[in-house]
Amino acid sequence: MSMQSTEPVVEIKSLRYRYPRSERWAVVIEALEIKSAEQIVLTGQSGCGKSTLLHLIAGLMNPTSGTIKVQGTNVHALRGSKRDRFRGRHIGMVFQTFQLLHGFTVVENVYASLMFSELPRRAHRERAMALLETLGINRPDARIQDLSVGQQQRVAVARAVACAPSVVLADEPTAALDPEFAIAAMDLLQDACRSIGAALICVTHAPSLIERFDRHHRLEDLVLDRSAV
Ligand code: ADP
Ligand code: MG
């Protein structure tokens with residue numbers, strides 16, 4: 001194995017986050033490392049900071065203190081468009097409500113995420129269509145709002161993996177689906193991450209999904225020293 005592959009994809013140290021005007025820490029994590037292509041699941045009661053943590057890793061919010069490195073880069077040291085470009089290349093996201101671009105088509109939603117990829121522009125259509133086919137989406141020109149929730153979830157997965165990120169962050173990615181579809185949807189997400197060698201950090205409420213991951217952490221257990229809070 002090369003040195004690079006043993007380096008963590010995500011490395012969190014002494015992370016604290018408090019929302020403005022809030023009196024409590026929304027996130028406290030002493031240390032967390034995710035290795036290349038590893039798939040981990042995070043659980044914890046509602047309000048324990050799971051979504052906040054994913055937003056911090058994605059560089060959508062800045063920690064109050066502590067550091068988060070993705071592929072060895074301190075995301076929060078990057079400013080403006082540099083951070084957007086870094087996120088676009090290295091981090092894929094699947095949100096609970098998908099947050100797809102309504103009014104646009106399926107394939108246009110995938111193009112949006114290829115914007116920062118190293119793939120030349122002329123290869124975007126082929127890449128997007130191949131991905132959509134793999135994920136079983138046969139209506140690339142349908143508008144997002146005309147799709148079922150299950151199909152939207154697949155598009156969200158396609159968008160998250162399109163630029164071959166090193167890590168995919170998924171916030172309760174099956175919460176909007178009927179339980180009988182949750183396992184198949186999680187399969188799709190996990191397979192998509194494996195096929196591009198991306199690590200996966202998934203937040204879920206569904207206990208039945210936990211055993212499918214390499215590692216499980218309860219967010220509360222990542223706080224080693226509460227007295228220091
Ligand atoms: P989870 O995803 O685990 O349910 P969140 O990360 O959404 O938890 O929230 C963690 C804590 O931060 C909760 O106590 C929540 O009330 C608080 N919180 C979330 N978003 C905001 C916000 N925009 N402003 C202030 N407090 C917030
Ligand atoms: Mg949440």
# chains A, B, ... in the order shown; residues from 1 in each chain; ligands from 1
call {"tool": "residues_near_ligand", "arguments": {"ligand": "ligand 2", "cutoff": "8 Å", "atoms": "only C-alpha atoms and all ligand atoms", "output": "PyMOL selection string"}}
result
chain A and resi 46-47+49-52+171-172
call {"tool": "select_by_dssp", "arguments": {"residues": "stretch 6-180 of chain A", "states": "strand (DSSP E or B)", "output": "number ranges by chain"}}
result
A: 10-17, 27-34, 39-43, 65-70, 73-74, 91-94, 105, 143, 167-171
call {"tool": "residues_around", "arguments": {"residues": "A:Leu15", "least_positions_apart": "4", "cutoff": "10 Å", "atoms": "only C-alpha atoms", "output": "PyMOL selection string"}}
result
chain A and resi 27-32+53+56+63-68+223
call {"tool": "closest_atom_pairs", "arguments": {"of": "chain A", "to": "ligand 1", "cutoff": "12 Å", "atoms": "only C-alpha atoms and all ligand atoms", "output": "JSON lines"}}
result
{"residue": "A:Arg16", "atom": "CA", "partner": "ligand 1", "partner_atom_place_in_ligand_line": "12 (O)", "distance": 11.8}
{"residue": "A:Tyr17", "atom": "CA", "partner": "ligand 1", "partner_atom_place_in_ligand_line": "12 (O)", "distance": 9.0}
{"residue": "A:Arg18", "atom": "CA", "partner": "ligand 1", "partner_atom_place_in_ligand_line": "12 (O)", "distance": 7.7}
{"residue": "A:Tyr19", "atom": "CA", "partner": "ligand 1", "partner_atom_place_in_ligand_line": "25 (C)", "distance": 5.0}
{"residue": "A:Pro20", "atom": "CA", "partner": "ligand 1", "partner_atom_place_in_ligand_line": "25 (C)", "distance": 6.7}
{"residue": "A:Arg21", "atom": "CA", "partner": "ligand 1", "partner_atom_place_in_ligand_line": "25 (C)", "distance": 7.5}
{"residue": "A:Ser22", "atom": "CA", "partner": "ligand 1", "partner_atom_place_in_ligand_line": "25 (C)", "distance": 6.2}
{"residue": "A:Glu23", "atom": "CA", "partner": "ligand 1", "partner_atom_place_in_ligand_line": "26 (N)", "distance": 9.5}
{"residue": "A:Arg24", "atom": "CA", "partner": "ligand 1", "partner_atom_place_in_ligand_line": "14 (O)", "distance": 7.9}
{"residue": "A:Trp25", "atom": "CA", "partner": "ligand 1", "partner_atom_place_in_ligand_line": "12 (O)", "distance": 7.7}
{"residue": "A:Ala26", "atom": "CA", "partner": "ligand 1", "partner_atom_place_in_ligand_line": "11 (C)", "distance": 4.5}
{"residue": "A:Val27", "atom": "CA", "partner": "ligand 1", "partner_atom_place_in_ligand_line": "10 (C)", "distance": 7.0}
{"residue": "A:Val28", "atom": "CA", "partner": "ligand 1", "partner_atom_place_in_ligand_line": "10 (C)", "distance": 10.6}
{"residue": "A:Leu42", "atom": "CA", "partner": "ligand 1", "partner_atom_place_in_ligand_line": "3 (O)", "distance": 9.5}
{"residue": "A:Thr43", "atom": "CA", "partner": "ligand 1", "partner_atom_place_in_ligand_line": "3 (O)", "distance": 8.0}
{"residue": "A:Gly44", "atom": "CA", "partner": "ligand 1", "partner_atom_place_in_ligand_line": "3 (O)", "distance": 6.3}
{"residue": "A:Gln45", "atom": "CA", "partner": "ligand 1", "partner_atom_place_in_ligand_line": "3 (O)", "distance": 6.1}
{"residue": "A:Ser46", "atom": "CA", "partner": "ligand 1", "partner_atom_place_in_ligand_line": "4 (O)", "distance": 3.7}
{"residue": "A:Gly47", "atom": "CA", "partner": "ligand 1", "partner_atom_place_in_ligand_line": "8 (O)", "distance": 3.4}
{"residue": "A:Cys48", "atom": "CA", "partner": "ligand 1", "partner_atom_place_in_ligand_line": "3 (O)", "distance": 4.0}
{"residue": "A:Gly49", "atom": "CA", "partner": "ligand 1", "partner_atom_place_in_ligand_line": "6 (O)", "distance": 3.3}
{"residue": "A:Lys50", "atom": "CA", "partner": "ligand 1", "partner_atom_place_in_ligand_line": "3 (O)", "distance": 3.7}
{"residue": "A:Ser51", "atom": "CA", "partner": "ligand 1", "partner_atom_place_in_ligand_line": "2 (O)", "distance": 3.7}
{"residue": "A:Thr52", "atom": "CA", "partner": "ligand 1", "partner_atom_place_in_ligand_line": "6 (O)", "distance": 3.7}
{"residue": "A:Leu53", "atom": "CA", "partner": "ligand 1", "partner_atom_place_in_ligand_line": "6 (O)", "distance": 6.4}
{"residue": "A:Leu54", "atom": "CA", "partner": "ligand 1", "partner_atom_place_in_ligand_line": "6 (O)", "distance": 8.2}
{"residue": "A:His55", "atom": "CA", "partner": "ligand 1", "partner_atom_place_in_ligand_line": "6 (O)", "distance": 8.5}
{"residue": "A:Leu56", "atom": "CA", "partner": "ligand 1", "partner_atom_place_in_ligand_line": "6 (O)", "distance": 9.8}
{"residue": "A:Met61", "atom": "CA", "partner": "ligand 1", "partner_atom_place_in_ligand_line": "23 (N)", "distance": 10.5}
{"residue": "A:Phe95", "atom": "CA", "partner": "ligand 1", "partner_atom_place_in_ligand_line": "2 (O)", "distance": 11.0}
{"residue": "A:Gln96", "atom": "CA", "partner": "ligand 1", "partner_atom_place_in_ligand_line": "2 (O)", "distance": 10.0}
{"residue": "A:Ala170", "atom": "CA", "partner": "ligand 1", "partner_atom_place_in_ligand_line": "2 (O)", "distance": 11.3}
{"residue": "A:Asp171", "atom": "CA", "partner": "ligand 1", "partner_atom_place_in_ligand_line": "2 (O)", "distance": 7.9}
{"residue": "A:Glu172", "atom": "CA", "partner": "ligand 1", "partner_atom_place_in_ligand_line": "2 (O)", "distance": 8.8}
{"residue": "A:Cys202", "atom": "CA", "partner": "ligand 1", "partner_atom_place_in_ligand_line": "2 (O)", "distance": 11.6}
{"residue": "A:Val203", "atom": "CA", "partner": "ligand 1", "partner_atom_place_in_ligand_line": "2 (O)", "distance": 8.3}
{"residue": "A:Thr204", "atom": "CA", "partner": "ligand 1", "partner_atom_place_in_ligand_line": "2 (O)", "distance": 9.5}
{"residue": "A:His205", "atom": "CA", "partner": "ligand 1", "partner_atom_place_in_ligand_line": "3 (O)", "distance": 9.6}
{"residue": "A:Arg218", "atom": "CA", "partner": "ligand 1", "partner_atom_place_in_ligand_line": "3 (O)", "distance": 10.5}
{"residue": "A:Leu219", "atom": "CA", "partner": "ligand 1", "partner_atom_place_in_ligand_line": "3 (O)", "distance": 8.4}
{"residue": "A:Glu220", "atom": "CA", "partner": "ligand 1", "partner_atom_place_in_ligand_line": "3 (O)", "distance": 10.1}
call {"tool": "write_last_selection", "arguments": {"atoms": "C-alpha atoms", "output": "PDB file, in the first residue's frame"}}
result
ATOM      1  CA  ARG A  16     -16.240  22.302  18.794  1.00  0.00           C
ATOM      2  CA  TYR A  17     -19.111  24.161  17.269  1.00  0.00           C
ATOM      3  CA  ARG A  18     -21.624  26.489  18.871  1.00  0.00           C
ATOM      4  CA  TYR A  19     -24.367  28.243  16.929  1.00  0.00           C
ATOM      5  CA  PRO A  20     -24.387  32.015  17.331  1.00  0.00           C
ATOM      6  CA  ARG A  21     -26.372  33.013  20.419  1.00  0.00           C
ATOM      7  CA  SER A  22     -26.620  29.403  21.570  1.00  0.00           C
ATOM      8  CA  GLU A  23     -25.399  28.568  25.067  1.00  0.00           C
ATOM      9  CA  ARG A  24     -24.456  24.978  24.366  1.00  0.00           C
ATOM     10  CA  TRP A  25     -22.050  23.196  22.076  1.00  0.00           C
ATOM     11  CA  ALA A  26     -23.892  21.669  19.136  1.00  0.00           C
ATOM     12  CA  VAL A  27     -20.855  19.498  18.266  1.00  0.00           C
ATOM     13  CA  VAL A  28     -17.976  18.278  20.432  1.00  0.00           C
ATOM     14  CA  LEU A  42     -23.064   7.842  12.886  1.00  0.00           C
ATOM     15  CA  THR A  43     -26.109   7.683  15.105  1.00  0.00           C
ATOM     16  CA  GLY A  44     -27.367   9.723  18.025  1.00  0.00           C
ATOM     17  CA  GLN A  45     -30.556  11.232  19.307  1.00  0.00           C
ATOM     18  CA  SER A  46     -32.252  14.027  17.457  1.00  0.00           C
ATOM     19  CA  GLY A  47     -30.473  17.308  18.120  1.00  0.00           C
ATOM     20  CA  CYS A  48     -27.132  15.720  19.085  1.00  0.00           C
ATOM     21  CA  GLY A  49     -25.335  17.486  16.252  1.00  0.00           C
ATOM     22  CA  LYS A  50     -25.228  14.977  13.374  1.00  0.00           C
ATOM     23  CA  SER A  51     -26.320  17.364  10.619  1.00  0.00           C
ATOM     24  CA  THR A  52     -24.162  20.135  12.042  1.00  0.00           C
ATOM     25  CA  LEU A  53     -21.127  17.824  11.932  1.00  0.00           C
ATOM     26  CA  LEU A  54     -21.683  16.966   8.259  1.00  0.00           C
ATOM     27  CA  HIS A  55     -22.022  20.660   7.404  1.00  0.00           C
ATOM     28  CA  LEU A  56     -18.750  21.341   9.226  1.00  0.00           C
ATOM     29  CA  MET A  61     -19.883  26.197   8.351  1.00  0.00           C
ATOM     30  CA  PHE A  95     -29.034  15.503   2.064  1.00  0.00           C
ATOM     31  CA  GLN A  96     -32.112  14.275   3.868  1.00  0.00           C
ATOM     32  CA  ALA A 170     -24.972  11.404   3.702  1.00  0.00           C
ATOM     33  CA  ASP A 171     -27.490  12.888   6.140  1.00  0.00           C
ATOM     34  CA  GLU A 172     -30.264  10.365   6.769  1.00  0.00           C
ATOM     35  CA  CYS A 202     -23.587   8.260   6.818  1.00  0.00           C
ATOM     36  CA  VAL A 203     -25.956   9.512   9.485  1.00  0.00           C
ATOM     37  CA  THR A 204     -29.031   7.392  10.076  1.00  0.00           C
ATOM     38  CA  HIS A 205     -31.844   6.782  12.482  1.00  0.00           C
ATOM     39  CA  ARG A 218     -22.722   7.069  18.520  1.00  0.00           C
ATOM     40  CA  LEU A 219     -21.960  10.757  18.316  1.00  0.00           C
ATOM     41  CA  GLU A 220     -22.226  11.068  22.094  1.00  0.00           C
TER      42      GLU A 220
END
call {"tool": "residues_around", "arguments": {"residues": "A:Arg85", "least_positions_apart": "4", "cutoff": "8 Å", "atoms": "only C-alpha atoms", "output": "PyMOL selection string"}}
result
chain A and resi 81+89+116
call {"tool": "closest_residue", "arguments": {"among": "A:Ser117, A:Val110, A:Val167, A:Leu78", "to": "A:Ala130", "atoms": "only C-alpha atoms"}}
result
A:Val110
call {"tool": "select_by_dssp", "arguments": {"residues": "stretch 46-227 of chain A", "states": "alpha helix (DSSP H)", "output": "ChimeraX atom specification"}}
result
/A:50-57,80-90,106-114,124-134,149-161,179-196
call {"tool": "atom_distance", "arguments": {"atom1": "atom CA of A:Pro140", "atom2": "atom CA of A:Val168"}}
result
22.4 Å
call {"tool": "residues_around", "arguments": {"residues": "A:Ser208", "least_positions_apart": "5", "cutoff": "10 Å", "atoms": "only C-alpha atoms", "output": "MDAnalysis selection string"}}
result
chainID A and resid 179 182:183
call {"tool": "write_last_selection", "arguments": {"atoms": "N, CA, C and O atoms", "output": "PDB file, in the first residue's frame"}}
result
ATOM      1  N   PRO A 179     -39.904   2.556   4.457  1.00  0.00           N
ATOM      2  CA  PRO A 179     -38.893   1.660   5.028  1.00  0.00           C
ATOM      3  C   PRO A 179     -38.525   0.481   4.115  1.00  0.00           C
ATOM      4  O   PRO A 179     -37.375   0.072   4.078  1.00  0.00           O
ATOM      5  N   ALA A 182     -35.702   1.396   1.923  1.00  0.00           N
ATOM      6  CA  ALA A 182     -34.507   1.988   2.537  1.00  0.00           C
ATOM      7  C   ALA A 182     -33.257   1.150   2.294  1.00  0.00           C
ATOM      8  O   ALA A 182     -32.191   1.688   1.976  1.00  0.00           O
ATOM      9  N   ILE A 183     -33.385  -0.169   2.413  1.00  0.00           N
ATOM     10  CA  ILE A 183     -32.201  -1.037   2.268  1.00  0.00           C
ATOM     11  C   ILE A 183     -31.654  -0.982   0.843  1.00  0.00           C
ATOM     12  O   ILE A 183     -30.452  -0.843   0.631  1.00  0.00           O
TER      13      ILE A 183
END
call {"tool": "residues_around", "arguments": {"residues": "A:Ala185", "least_positions_apart": "5", "cutoff": "9 Å", "atoms": "only C-alpha atoms", "output": "short mmCIF file (atom, residue, chain, number, x, y, z; two decimals) with N, CA and C atoms, in the first residue's frame"}}
result
data_model
loop_
_atom_site.label_atom_id
_atom_site.label_comp_id
_atom_site.auth_asym_id
_atom_site.auth_seq_id
_atom_site.Cartn_x
_atom_site.Cartn_y
_atom_site.Cartn_z
N GLY A 150 -38.33 8.12 -4.60
CA GLY A 150 -37.28 7.10 -4.75
C GLY A 150 -36.33 7.42 -5.89
N GLN A 153 -34.06 10.23 -4.91
CA GLN A 153 -32.98 9.76 -4.05
C GLN A 153 -31.82 9.23 -4.91
N ARG A 154 -32.16 8.51 -5.98
CA ARG A 154 -31.12 7.99 -6.88
C ARG A 154 -30.36 9.11 -7.57
N PRO A 173 -29.98 9.60 4.48
CA PRO A 173 -30.31 9.60 3.04
C PRO A 173 -31.54 8.78 2.68
N THR A 174 -32.02 7.96 3.63
CA THR A 174 -33.20 7.15 3.31
C THR A 174 -34.42 7.59 4.10
N LEU A 177 -37.78 7.95 2.38
CA LEU A 177 -38.31 6.78 1.65
C LEU A 177 -39.14 5.90 2.57
N GLN A 190 -24.05 2.79 -1.06
CA GLN A 190 -22.81 2.15 -0.64
C GLN A 190 -22.04 1.58 -1.83
#
call {"tool": "atom_distance", "arguments": {"atom1": "atom CA of A:Ser36", "atom2": "atom CA of A:Gln152"}}
result
27.5 Å
call {"tool": "closest_residue", "arguments": {"among": "A:His90, A:Arg125, A:Arg194, A:His216", "to": "A:Glu108", "atoms": "only C-alpha atoms"}}
result
A:Arg125
